[in-house]
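Next up, upload-v3.cif (mmCIF, C-alpha atoms (C1' of nucleotides)):
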```
data_run
loop_
_atom_site.label_atom_id
_atom_site.label_comp_id
_atom_site.auth_asym_id
_atom_site.auth_seq_id
_atom_site.Cartn_x
_atom_site.Cartn_y
_atom_site.Cartn_z
CA MET U 1 19.14 0.34 -0.82
CA THR U 2 15.89 2.21 -0.32
CA GLN U 3 14.26 -1.04 -1.39
CA GLN U 4 16.08 -2.87 1.38
CA THR U 5 15.03 -0.34 3.99
CA ARG U 6 11.36 -0.46 3.02
CA LYS U 7 11.41 -4.26 2.96
CA ASP U 8 13.00 -4.30 6.38
CA GLU U 9 10.30 -2.00 7.72
CA ILE U 10 7.64 -4.37 6.44
CA ILE U 11 9.31 -7.36 8.04
CA LYS U 12 9.73 -5.53 11.31
CA THR U 13 6.09 -4.46 11.33
CA ALA U 14 5.00 -7.96 10.42
CA ALA U 15 6.97 -9.39 13.33
CA LYS U 16 5.15 -7.07 15.71
CA LEU U 17 1.75 -8.17 14.39
CA PHE U 18 2.74 -11.83 14.32
CA LYS U 19 3.69 -11.58 17.97
CA GLU U 20 0.26 -10.33 18.95
CA LYS U 21 -1.95 -12.60 16.89
CA GLY U 22 0.20 -15.26 15.29
CA TYR U 23 1.17 -15.69 11.63
CA ASN U 24 -2.14 -17.10 10.41
CA ALA U 25 -4.32 -14.51 12.11
CA VAL U 26 -2.46 -11.60 10.49
CA THR U 27 -3.68 -10.78 6.99
CA MET U 28 -1.79 -8.92 4.33
CA ARG U 29 -4.45 -6.23 4.70
CA ASP U 30 -3.68 -5.96 8.42
CA LEU U 31 -0.02 -5.62 7.61
CA ALA U 32 -0.68 -3.05 4.89
CA THR U 33 -2.82 -0.95 7.21
CA ALA U 34 -0.09 -1.01 9.83
CA MET U 35 2.35 0.17 7.14
CA GLY U 36 -0.04 2.87 5.93
CA MET U 37 -0.53 1.39 2.48
CA LYS U 38 -2.70 -1.01 0.51
CA ALA U 39 -2.14 -4.76 0.55
CA ALA U 40 -1.17 -4.99 -3.10
CA SER U 41 1.58 -2.40 -2.57
CA LEU U 42 3.39 -4.74 -0.20
CA TYR U 43 4.25 -6.91 -3.18
CA ASN U 44 6.48 -4.19 -4.59
CA HIS U 45 8.84 -5.08 -1.75
CA ILE U 46 8.24 -8.69 -0.78
CA LYS U 47 7.61 -11.85 -2.75
CA SER U 48 4.97 -13.43 -0.52
CA LYS U 49 3.65 -13.61 3.02
CA GLN U 50 5.64 -16.79 3.45
CA GLU U 51 8.86 -14.98 2.56
CA ILE U 52 8.30 -12.58 5.46
CA LEU U 53 8.06 -15.44 7.92
CA LYS U 54 11.16 -17.04 6.48
CA GLU U 55 13.19 -13.83 6.75
CA ILE U 56 12.17 -13.40 10.37
CA ILE U 57 12.82 -16.93 11.54
CA ILE U 58 15.78 -18.20 9.54
CA SER U 59 18.07 -15.24 10.15
CA LEU U 60 17.45 -15.49 13.90
CA ALA U 61 17.93 -19.24 13.94
CA GLU U 62 21.24 -18.85 12.16
CA GLU U 63 22.32 -16.24 14.69
CA PHE U 64 21.70 -18.73 17.49
CA THR U 65 23.54 -21.45 15.61
CA ASN U 66 26.59 -19.26 15.12
CA GLY U 67 26.58 -18.18 18.75
CA MET U 68 26.30 -21.75 19.96
CA ASP U 69 29.18 -22.87 17.74
CA ALA U 70 31.43 -20.17 19.14
CA ILE U 71 30.54 -21.06 22.72
CA TYR U 72 30.84 -24.78 22.15
CA ASN U 73 34.33 -24.43 20.70
CA SER U 74 35.58 -21.98 23.33
CA GLU U 75 37.97 -22.91 26.12
CA ASN U 76 35.79 -22.15 29.13
CA SER U 77 34.51 -24.50 31.79
CA ASN U 78 31.20 -26.12 30.99
CA ILE U 79 29.40 -24.10 33.64
CA ASP U 80 30.79 -20.95 32.05
CA LYS U 81 29.62 -22.13 28.67
CA LEU U 82 26.12 -22.47 30.08
CA LYS U 83 26.36 -18.95 31.45
CA GLN U 84 27.42 -17.74 28.03
CA ILE U 85 24.42 -19.44 26.48
CA VAL U 86 22.15 -17.66 28.93
CA ALA U 87 23.78 -14.33 28.11
CA MET U 88 23.45 -14.99 24.39
CA HIS U 89 19.73 -15.69 24.69
CA VAL U 90 19.19 -12.56 26.76
CA ASN U 91 21.09 -10.41 24.29
CA ILE U 92 19.55 -11.74 21.11
CA THR U 93 16.08 -11.67 22.64
CA ALA U 94 16.48 -8.13 23.96
CA CYS U 95 17.19 -6.89 20.43
CA ASN U 96 14.57 -9.01 18.67
CA THR U 97 11.60 -9.56 20.97
CA ASN U 98 9.01 -9.59 18.22
CA GLN U 99 11.00 -11.82 15.93
CA MET U 100 11.58 -14.25 18.80
CA ALA U 101 7.83 -14.66 19.14
CA SER U 102 7.64 -15.91 15.56
CA LEU U 103 10.64 -18.17 16.06
CA ASN U 104 8.94 -19.78 19.03
CA SER U 105 5.32 -19.85 17.92
CA ASP U 106 5.17 -19.83 14.14
CA TRP U 107 8.08 -21.97 12.98
CA MET U 108 5.64 -24.76 12.03
CA HIS U 109 4.18 -22.50 9.34
CA LEU U 110 7.44 -22.40 7.46
CA GLU U 111 7.03 -24.29 4.22
CA ASP U 112 10.16 -24.67 2.07
CA GLN U 113 12.48 -23.79 4.93
CA LEU U 114 10.89 -26.00 7.58
CA ASP U 115 13.38 -28.84 7.26
CA TYR U 116 16.31 -26.46 7.35
CA TYR U 117 14.95 -24.79 10.47
CA LEU U 118 14.44 -28.14 12.21
CA GLN U 119 17.97 -29.14 11.35
CA LEU U 120 19.36 -25.95 12.90
CA ARG U 121 17.29 -26.51 16.01
CA ASN U 122 18.32 -30.13 16.37
CA ASP U 123 21.99 -29.26 16.01
CA TYR U 124 21.61 -26.51 18.57
CA GLU U 125 20.06 -28.82 21.11
CA ALA U 126 22.64 -31.52 20.42
CA ASN U 127 25.45 -29.10 21.24
CA PHE U 128 23.62 -27.88 24.32
CA ILE U 129 23.27 -31.37 25.71
CA LYS U 130 26.87 -32.23 24.89
CA ILE U 131 28.01 -29.33 27.04
CA ILE U 132 25.82 -30.57 29.88
CA ASN U 133 27.16 -34.11 29.56
CA GLN U 134 30.74 -32.88 29.54
CA GLY U 135 29.95 -30.84 32.65
CA ILE U 136 28.60 -33.90 34.41
CA ARG U 137 31.63 -35.98 33.42
CA ALA U 138 33.94 -33.22 34.66
CA SER U 139 31.99 -33.08 37.97
CA GLU U 140 31.02 -29.46 37.40
CA ILE U 141 27.38 -30.41 37.16
CA LYS U 142 25.26 -32.63 39.38
CA GLN U 143 24.62 -36.19 38.31
CA SER U 144 21.04 -35.79 37.13
CA ASN U 145 19.09 -36.27 33.92
CA PRO U 146 20.82 -34.11 31.26
CA GLU U 147 17.63 -33.82 29.26
CA VAL U 148 15.73 -32.47 32.24
CA ILE U 149 18.46 -29.89 32.74
CA MET U 150 18.43 -28.81 29.11
CA PHE U 151 14.67 -28.77 28.92
CA SER U 152 14.39 -26.61 31.98
CA MET U 153 17.03 -24.11 30.87
CA LEU U 154 15.85 -23.96 27.29
CA SER U 155 12.20 -23.49 28.23
CA THR U 156 13.12 -20.49 30.31
CA LEU U 157 15.41 -19.03 27.67
CA ARG U 158 12.88 -19.52 24.90
CA SER U 159 10.21 -17.72 26.90
CA LEU U 160 12.34 -14.65 27.49
CA TYR U 161 10.68 -12.78 24.66
CA LEU U 162 7.45 -12.74 26.66
CA TRP U 163 9.06 -11.26 29.66
CA ILE U 164 11.83 -8.89 28.61
CA PRO U 165 9.44 -6.28 27.17
CA LYS U 166 7.72 -5.99 30.56
CA LYS U 167 10.99 -5.35 32.39
CA GLU U 168 12.63 -2.58 30.44
CA ASP U 169 14.19 -1.17 33.58
CA LEU U 170 16.38 -4.24 34.05
CA ASN U 171 19.46 -4.12 31.81
CA ALA U 172 20.58 -7.13 29.81
CA ASN U 173 23.65 -7.82 31.90
CA ASP U 174 21.85 -7.85 35.24
CA LEU U 175 19.13 -10.04 33.85
CA ALA U 176 21.61 -12.53 32.40
CA ASN U 177 23.39 -12.69 35.74
CA SER U 178 20.36 -13.28 37.94
CA LEU U 179 19.00 -15.76 35.45
CA SER U 180 22.27 -17.70 35.45
CA GLU U 181 22.24 -17.63 39.24
CA VAL U 182 18.72 -19.03 39.46
CA LEU U 183 19.14 -21.59 36.68
CA ILE U 184 22.52 -22.90 37.81
CA HIS U 185 22.57 -22.52 41.58
CA GLY U 186 18.88 -22.95 42.29
CA ILE U 187 16.69 -20.96 44.59
CA ASN U 188 16.79 -22.60 47.98
CA LYS U 189 19.04 -21.51 50.83
CA MET Z 1 -25.27 -38.44 27.15
CA THR Z 2 -24.37 -39.75 23.70
CA GLN Z 3 -24.40 -36.09 22.69
CA GLN Z 4 -21.85 -35.31 25.39
CA THR Z 5 -19.58 -38.14 24.33
CA ARG Z 6 -19.60 -37.15 20.68
CA LYS Z 7 -18.99 -33.51 21.56
CA ASP Z 8 -16.09 -34.53 23.76
CA GLU Z 9 -14.60 -36.53 20.93
CA ILE Z 10 -14.74 -33.50 18.68
CA ILE Z 11 -13.08 -31.30 21.27
CA LYS Z 12 -10.39 -33.87 21.91
CA THR Z 13 -9.70 -34.25 18.20
CA ALA Z 14 -9.66 -30.49 17.77
CA ALA Z 15 -7.11 -30.15 20.56
CA LYS Z 16 -4.81 -32.57 18.77
CA LEU Z 17 -5.07 -30.61 15.53
CA PHE Z 18 -4.69 -27.25 17.28
CA LYS Z 19 -1.50 -28.51 18.87
CA GLU Z 20 0.04 -29.32 15.50
CA LYS Z 21 -0.97 -26.28 13.49
CA GLY Z 22 -2.54 -23.76 15.83
CA TYR Z 23 -6.16 -22.66 16.12
CA ASN Z 24 -6.29 -20.46 13.06
CA ALA Z 25 -4.61 -22.92 10.72
CA VAL Z 26 -7.12 -25.67 11.50
CA THR Z 27 -10.31 -25.43 9.44
CA MET Z 28 -13.65 -26.93 10.30
CA ARG Z 29 -13.17 -29.11 7.23
CA ASP Z 30 -9.85 -30.38 8.63
CA LEU Z 31 -11.56 -31.20 11.90
CA ALA Z 32 -14.46 -32.89 10.14
CA THR Z 33 -12.10 -35.05 8.08
CA ALA Z 34 -10.25 -36.09 11.22
CA MET Z 35 -13.62 -37.03 12.74
CA GLY Z 36 -14.70 -38.91 9.61
CA MET Z 37 -17.61 -36.60 8.78
CA LYS Z 38 -18.51 -33.46 6.86
CA ALA Z 39 -17.93 -29.97 8.26
CA ALA Z 40 -21.60 -29.13 8.52
CA SER Z 41 -22.23 -32.21 10.65
CA LEU Z 42 -19.99 -30.86 13.38
CA TYR Z 43 -22.65 -28.27 14.09
CA ASN Z 44 -25.01 -30.96 15.33
CA HIS Z 45 -22.71 -31.15 18.35
CA ILE Z 46 -20.98 -27.84 18.80
CA LYS Z 47 -22.13 -24.25 18.52
CA SER Z 48 -19.09 -22.78 16.80
CA LYS Z 49 -15.36 -23.15 16.31
CA GLN Z 50 -14.86 -20.58 19.00
CA GLU Z 51 -16.82 -22.69 21.47
CA ILE Z 52 -14.36 -25.54 20.99
CA LEU Z 53 -11.45 -23.32 21.90
CA LYS Z 54 -13.28 -22.01 24.93
CA GLU Z 55 -14.10 -25.52 26.18
CA ILE Z 56 -10.48 -26.57 25.84
CA ILE Z 57 -8.89 -23.59 27.49
CA ILE Z 58 -11.28 -22.46 30.20
CA SER Z 59 -11.78 -25.85 31.83
CA LEU Z 60 -8.02 -26.35 32.04
CA ALA Z 61 -7.42 -22.86 33.36
CA GLU Z 62 -9.98 -23.44 36.08
CA GLU Z 63 -8.31 -26.70 37.02
CA PHE Z 64 -5.05 -24.83 37.56
CA THR Z 65 -6.79 -22.14 39.54
CA ASN Z 66 -8.39 -24.69 41.87
CA GLY Z 67 -5.13 -26.54 42.30
CA MET Z 68 -3.28 -23.36 43.12
CA ASP Z 69 -5.89 -22.30 45.67
CA ALA Z 70 -5.58 -25.63 47.49
CA ILE Z 71 -1.79 -25.43 47.56
CA TYR Z 72 -1.75 -21.78 48.58
CA ASN Z 73 -4.04 -22.44 51.52
CA SER Z 74 -2.28 -25.60 52.69
CA GLU Z 75 -0.03 -25.76 55.74
CA ASN Z 76 3.24 -26.80 54.10
CA SER Z 77 6.51 -24.92 53.93
CA ASN Z 78 6.84 -22.58 51.00
CA ILE Z 79 9.43 -24.80 49.34
CA ASP Z 80 7.02 -27.70 49.63
CA LYS Z 81 4.29 -25.58 48.12
CA LEU Z 82 6.55 -24.94 45.14
CA LYS Z 83 7.17 -28.66 44.84
CA GLN Z 84 3.42 -29.25 44.88
CA ILE Z 85 2.99 -26.70 42.11
CA VAL Z 86 5.57 -28.54 40.03
CA ALA Z 87 3.78 -31.85 40.66
CA MET Z 88 0.43 -30.32 39.74
CA HIS Z 89 1.75 -29.03 36.42
CA VAL Z 90 3.29 -32.39 35.62
CA ASN Z 91 0.09 -34.24 36.44
CA ILE Z 92 -2.33 -31.96 34.64
CA THR Z 93 -0.05 -31.74 31.62
CA ALA Z 94 0.47 -35.50 31.44
CA CYS Z 95 -3.30 -36.02 31.14
CA ASN Z 96 -3.93 -33.10 28.79
CA THR Z 97 -0.93 -32.56 26.53
CA ASN Z 98 -2.92 -31.44 23.52
CA GLN Z 99 -5.19 -29.14 25.46
CA MET Z 100 -2.15 -27.58 27.13
CA ALA Z 101 -0.84 -26.59 23.73
CA SER Z 102 -3.98 -24.53 23.13
CA LEU Z 103 -3.81 -23.04 26.59
CA ASN Z 104 -0.28 -21.88 25.94
CA SER Z 105 -0.44 -20.89 22.28
CA ASP Z 106 -4.01 -20.02 21.37
CA TRP Z 107 -5.44 -18.23 24.39
CA MET Z 108 -5.24 -14.92 22.53
CA HIS Z 109 -7.85 -16.18 20.09
CA LEU Z 110 -10.46 -16.45 22.80
CA GLU Z 111 -13.11 -13.84 22.20
CA ASP Z 112 -15.86 -13.54 24.83
CA GLN Z 113 -13.86 -15.45 27.40
CA LEU Z 114 -10.54 -13.67 26.92
CA ASP Z 115 -10.95 -11.32 29.87
CA TYR Z 116 -11.99 -14.14 32.16
CA TYR Z 117 -8.99 -16.21 31.09
CA LEU Z 118 -6.61 -13.32 31.71
CA GLN Z 119 -8.10 -12.80 35.13
CA LEU Z 120 -7.54 -16.45 36.05
CA ARG Z 121 -3.96 -16.25 34.82
CA ASN Z 122 -3.22 -13.06 36.70
CA ASP Z 123 -4.62 -14.47 39.92
CA TYR Z 124 -2.59 -17.63 39.46
CA GLU Z 125 0.63 -15.71 39.01
CA ALA Z 126 -0.17 -13.44 41.93
CA ASN Z 127 -0.52 -16.46 44.25
CA PHE Z 128 2.65 -17.98 42.84
CA ILE Z 129 4.68 -14.90 43.57
CA LYS Z 130 3.18 -14.55 47.05
CA ILE Z 131 4.44 -18.04 47.89
CA ILE Z 132 7.90 -17.10 46.66
CA ASN Z 133 7.90 -13.88 48.69
CA GLN Z 134 6.80 -15.71 51.82
CA GLY Z 135 9.57 -18.22 51.21
CA ILE Z 136 12.14 -15.45 50.98
CA ARG Z 137 10.84 -13.79 54.13
CA ALA Z 138 10.95 -17.13 55.96
CA SER Z 139 14.55 -17.67 54.74
CA GLU Z 140 13.59 -20.83 52.89
CA ILE Z 141 14.42 -19.21 49.57
CA LYS Z 142 17.45 -17.21 48.49
CA GLN Z 143 17.24 -13.46 48.48
CA SER Z 144 16.93 -12.90 44.77
CA ASN Z 145 14.44 -11.33 42.36
CA PRO Z 146 11.08 -13.10 42.97
CA GLU Z 147 9.90 -12.35 39.48
CA VAL Z 148 12.96 -13.97 37.96
CA ILE Z 149 12.29 -17.06 40.06
CA MET Z 150 8.66 -17.25 39.07
CA PHE Z 151 9.39 -16.55 35.44
CA SER Z 152 11.98 -19.27 35.30
CA MET Z 153 9.82 -21.89 37.01
CA LEU Z 154 6.67 -21.01 35.14
CA SER Z 155 8.38 -21.00 31.75
CA THR Z 156 9.58 -24.51 32.35
CA LEU Z 157 6.25 -25.73 33.67
CA ARG Z 158 4.32 -24.17 30.81
CA SER Z 159 6.55 -25.86 28.26
CA LEU Z 160 6.03 -29.34 29.71
CA TYR Z 161 3.40 -30.17 27.12
CA LEU Z 162 6.09 -30.08 24.45
CA TRP Z 163 8.29 -32.48 26.24
CA ILE Z 164 6.20 -34.99 28.12
CA PRO Z 165 4.92 -36.75 24.97
CA LYS Z 166 8.53 -37.47 23.92
CA LYS Z 167 9.37 -39.12 27.25
CA GLU Z 168 6.61 -41.60 27.79
CA ASP Z 169 8.94 -43.96 29.62
CA LEU Z 170 9.40 -41.51 32.49
CA ASN Z 171 6.52 -41.66 34.94
CA ALA Z 172 4.89 -38.54 36.30
CA ASN Z 173 6.26 -38.91 39.81
CA ASP Z 174 9.87 -39.32 38.76
CA LEU Z 175 9.61 -36.42 36.39
CA ALA Z 176 8.07 -34.15 39.03
CA ASN Z 177 10.85 -35.09 41.44
CA SER Z 178 13.78 -34.49 39.12
CA LEU Z 179 12.20 -31.28 37.89
CA SER Z 180 11.75 -30.03 41.45
CA GLU Z 181 15.35 -30.96 42.17
CA VAL Z 182 16.67 -29.03 39.18
CA LEU Z 183 14.39 -26.02 39.60
CA ILE Z 184 14.87 -25.64 43.34
CA HIS Z 185 18.37 -26.89 44.08
CA GLY Z 186 20.04 -25.95 40.82
CA ILE Z 187 22.38 -27.98 38.71
CA ASN Z 188 25.91 -27.23 39.87
CA LYS Z 189 27.90 -29.30 42.35
"C1'" DT Y 1 13.04 18.23 -21.28
"C1'" DC Y 2 12.68 13.25 -21.74
"C1'" DT Y 3 13.19 8.84 -19.87
"C1'" DC Y 4 13.28 5.65 -16.41
"C1'" DT Y 5 12.20 3.69 -12.15
"C1'" DA Y 6 10.48 3.12 -7.44
"C1'" DA Y 7 6.48 2.72 -5.02
"C1'" DA Y 8 2.12 3.65 -4.43
"C1'" DC Y 9 -2.66 2.81 -6.31
"C1'" DT Y 10 -7.53 0.37 -8.10
"C1'" DA Y 11 -9.79 -3.62 -9.48
"C1'" DA Y 12 -10.26 -8.14 -9.60
"C1'" DC Y 13 -9.74 -13.30 -9.13
"C1'" DA Y 14 -9.79 -17.91 -7.51
"C1'" DA Y 15 -9.65 -20.45 -3.52
"C1'" DG Y 16 -10.92 -21.17 0.98
"C1'" DT Y 17 -13.43 -19.66 5.33
"C1'" DG Y 18 -17.15 -20.50 9.11
"C1'" DT Y 19 -21.70 -21.27 9.11
"C1'" DT Y 20 -26.85 -22.08 7.92
"C1'" DA Y 21 -30.88 -24.37 5.80
"C1'" DG Y 22 -33.08 -28.12 4.64
"C1'" DT Y 23 -33.03 -33.26 3.89
"C1'" DT Y 24 -32.42 -38.22 4.82
"C1'" DG Y 25 -32.00 -42.69 6.97
"C1'" DA Y 26 -31.53 -45.22 11.12
"C1'" DA Y 27 -32.46 -45.88 15.80
"C1'" DT Y 28 -35.40 -45.02 19.86
"C1'" DT Y 29 -39.62 -44.18 22.18
"C1'" DA Y 30 -44.70 -43.98 22.64
"C1'" DT B 1 -46.81 -49.52 14.17
"C1'" DA B 2 -46.34 -44.51 14.28
"C1'" DA B 3 -43.92 -40.59 15.91
"C1'" DT B 4 -39.86 -38.58 17.25
"C1'" DT B 5 -35.11 -37.77 17.67
"C1'" DC B 6 -30.21 -38.26 16.52
"C1'" DA B 7 -26.61 -37.53 13.59
"C1'" DA B 8 -25.18 -37.68 9.38
"C1'" DC B 9 -25.71 -35.58 4.65
"C1'" DT B 10 -25.83 -31.96 0.26
"C1'" DA B 11 -25.93 -27.40 -1.25
"C1'" DA B 12 -25.19 -23.01 -0.67
"C1'" DC B 13 -24.28 -18.39 1.49
"C1'" DA B 14 -21.57 -14.28 2.36
"C1'" DC B 15 -17.14 -13.04 3.46
"C1'" DT B 16 -12.12 -13.16 3.71
"C1'" DT B 17 -7.80 -14.77 2.02
"C1'" DG B 18 -3.22 -14.19 -0.68
"C1'" DT B 19 -2.01 -12.65 -4.87
"C1'" DT B 20 -1.81 -10.65 -9.80
"C1'" DA B 21 -2.46 -7.25 -13.56
"C1'" DG B 22 -2.34 -2.99 -15.02
"C1'" DT B 23 -2.20 2.05 -13.93
"C1'" DT B 24 -0.60 6.36 -11.83
"C1'" DT B 25 2.44 9.58 -9.62
"C1'" DA B 26 6.63 11.66 -8.20
"C1'" DG B 27 11.46 12.09 -8.26
"C1'" DA B 28 16.35 11.15 -10.34
"C1'" DG B 29 19.60 11.02 -14.09
"C1'" DA B 30 20.61 11.82 -19.00
#
```

Would you kindly transcribe this structure into structure tokens?
Amino acid sequence: MTQQTRKDEIIKTAAKLFKEKGYNAVTMRDLATAMGMKAASLYNHIKSKQEILKEIIISLAEEFTNGMDAIYNSENSNIDKLKQIVAMHVNITACNTNQMASLNSDWMHLEDQLDYYLQLRNDYEANFIKIINQGIRASEIKQSNPEVIMFSMLSTLRSLYLWIPKKEDLNANDLANSLSEVLIHGINK
Amino acid sequence: MTQQTRKDEIIKTAAKLFKEKGYNAVTMRDLATAMGMKAASLYNHIKSKQEILKEIIISLAEEFTNGMDAIYNSENSNIDKLKQIVAMHVNITACNTNQMASLNSDWMHLEDQLDYYLQLRNDYEANFIKIINQGIRASEIKQSNPEVIMFSMLSTLRSLYLWIPKKEDLNANDLANSLSEVLIHGINK
DNA sequence: TCTCTAAACTAACAAGTGTTAGTTGAATTA
DNA sequence: TAATTCAACTAACACTTGTTAGTTTAGAGA
């Protein structure tokens, strides 16, 4: 139990450093200093640097996968499903800004788990685009390139981690709502 | 002249490698192998690894700054200015996909030029948001949070480098148009 | 009190890092 | 032809990297 807590602290601290400089630019000595210990002591709690990255990225990716599955299989309109996806990204990102930076920028440094991660991401995007296609077929969504729509939404949602920390005044609900408004209804009068 | 060409080849090759693995994960020996030479030989053409990164990022950043200044000072409606910004991002990104990856992911590894880069980026965003605010005041753009609008557009535009290489069939004009449509008019019917 | 264990430490290693010095052969210029 | 320059090379450097081995210290449970 204490073990778990200490390990979690290390991972959390690592995520913060990874966000600032990227996985490869952060050394185990950097991480140790930030934890107030020596580099070798880290290995009482973690197996390797690589394991830290894996813990950060895979658990988050699985959270997104589970959320997407729930939304995909729900009974809402397709536009509402898209709104739920926006809300999910805002919520997960608000609670895990540092980890989201690794998910977005350092996934390519996964080794053993790289294929698994890519599979989760592909499945996620496949579900996303299916929702868009269903929305177009049901005339909820304009007849335009579904990939452009997904790309545009997903780019914005994946960049949230850069932006949420600067806007702590805005609460998650308000942000999700105005984001949905802009992404779905556009900006022009 | 030959010197210039060879140096440019190195920078171009470096950009490709940086895109795949990030600045810190690419060694001078990796770059040399990709160029078909030994690491030490690179230094006949470039001053340092850091110089390569600087050449890639700063020239691109200045291109965006110049483009933005021209658009900002033009006589079009604010909505049209936004469309021109979209087109500029598509065009610059289409010609520089690899370099754009460094601009987006490795700017924090700039050393001497970091402050200059950040200044260019801040100025760019300041002009962007001024256009949005003018558009709102002129009733061309919906009354909603200008920062949310900019964030959403800019996130999409900054991610283009990830997506354009996968869609070589789509020409730059068509892409700019459908992107403008989605970003400005939204996706719902 | 004695034992065990968690969690820190010091010291070190082998591999890899960016970079420099000095050299060589081919091409270009005088 | 002789001199110079270009652009590659080999060899090596000082330093940093992730990681391991073995040791120490403090607290918990018997």

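All of the residues in chain U within 6 Å of chain Z are Asn24, Glu140, Ile141, Lys142, Ser152, Ser155, Thr156, Ile184, His185, Gly186, Ile187, Asn188 and Lys189 of chain U, where all atoms listed in the file were counted.
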
Two-atom distance - CA of Met28 in chain U, CA of Ala40 in chain U (Å): 8.4 Å

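Every chain U residue lying within 10 Å of chain B, based on only C-alpha atoms (C1' of nucleotides), is listed here: Thr27, Met28, Arg29, Ala39, Ala40, Tyr43, Lys47, Ser48 and Lys49 of chain U.
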
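Going from CA of Thr97 in chain U to CA of Tyr161 in chain U covers 5.0 Å.
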
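Going from CA of Met37 in chain U over to C1' of DT17 in chain Y, you cover 24.9 Å.
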
Residue members of the PyMOL selection byres ((chain Y) within 8 of (chain U)) in the file shown, as a PyMOL selection string: chain Y and resi 7-9

Surrounding residues of Glu111 in chain Z excluding itself and chain neighbours under 3 positions, 10 Å, all atoms listed in the file, as a list in words: Gln50, Glu51, Leu53, Lys54, Trp107, Met108, Leu114 and Asp115 of chain Z

Box time for range 137-155 of chain Z: axis-aligned, enclosing all its listed atoms, 4 Å extra on each side; report centre and edge lengths in Å to one decimal, as JSON.
```
{"center_x": 12.1, "center_y": -16.6, "center_z": 43.9, "size_x": 18.8, "size_y": 18.6, "size_z": 32.2}
```

Residues matched by the PyMOL selection byres ((chain U and resi 56-61) around 8), written as a list in words: Ile11, Ala15, Ile52, Leu53, Lys54, Glu55, Glu62, Glu63, Phe64, Thr65, Gln99, Met100, Ser102, Leu103, Trp107, Gln113, Tyr117, Leu120 and Arg121 of chain U

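Nearest residue to Ala70 in chain Z among Z:Tyr124, Z:Lys167, Z:Asp174, Z:Asp30 is Z:Tyr124, counting only C-alpha atoms.
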
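Among the candidates U:Thr13, U:Gln84, U:Asn73, U:Asn78, the one nearest to Ser180 in chain U when counting only C-alpha atoms is U:Gln84.
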
Please write a file for range 127-136 of chain Z, taken from the block I just shared, that holds N, CA, C and O atoms and is laid out as a CSV table (one decimal), in the first residue's frame.
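For reference, out.csv as written:
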```csv
chain,number,residue,atom,x,y,z
Z,127,ASN,N,-2.5,38.7,-32.8
Z,127,ASN,CA,-3.2,39.1,-34.0
Z,127,ASN,C,-4.4,38.3,-34.3
Z,127,ASN,O,-5.5,38.8,-34.7
Z,128,PHE,N,-4.3,37.0,-34.1
Z,128,PHE,CA,-5.4,36.1,-34.4
Z,128,PHE,C,-6.6,36.5,-33.6
Z,128,PHE,O,-7.7,36.6,-34.1
Z,129,ILE,N,-6.4,36.7,-32.3
Z,129,ILE,CA,-7.5,37.0,-31.4
Z,129,ILE,C,-8.1,38.4,-31.7
Z,129,ILE,O,-9.3,38.6,-31.5
Z,130,LYS,N,-7.2,39.3,-32.2
Z,130,LYS,CA,-7.8,40.6,-32.5
Z,130,LYS,C,-8.7,40.5,-33.7
Z,130,LYS,O,-9.8,41.2,-33.7
Z,131,ILE,N,-8.4,39.7,-34.7
Z,131,ILE,CA,-9.3,39.5,-35.8
Z,131,ILE,C,-10.6,38.9,-35.3
Z,131,ILE,O,-11.7,39.3,-35.8
Z,132,ILE,N,-10.5,37.9,-34.4
Z,132,ILE,CA,-11.8,37.4,-33.9
Z,132,ILE,C,-12.6,38.4,-33.2
Z,132,ILE,O,-13.8,38.5,-33.4
Z,133,ASN,N,-12.0,39.2,-32.4
Z,133,ASN,CA,-12.7,40.2,-31.6
Z,133,ASN,C,-13.3,41.3,-32.6
Z,133,ASN,O,-14.5,41.7,-32.3
Z,134,GLN,N,-12.6,41.7,-33.6
Z,134,GLN,CA,-13.2,42.6,-34.6
Z,134,GLN,C,-14.4,42.0,-35.3
Z,134,GLN,O,-15.4,42.6,-35.5
Z,135,GLY,N,-14.3,40.7,-35.5
Z,135,GLY,CA,-15.4,40.0,-36.2
Z,135,GLY,C,-16.6,39.9,-35.3
Z,135,GLY,O,-17.7,40.1,-35.8
Z,136,ILE,N,-16.4,39.8,-34.0
Z,136,ILE,CA,-17.5,39.7,-33.1
Z,136,ILE,C,-18.2,41.1,-33.0
Z,136,ILE,O,-19.4,41.3,-33.1
```
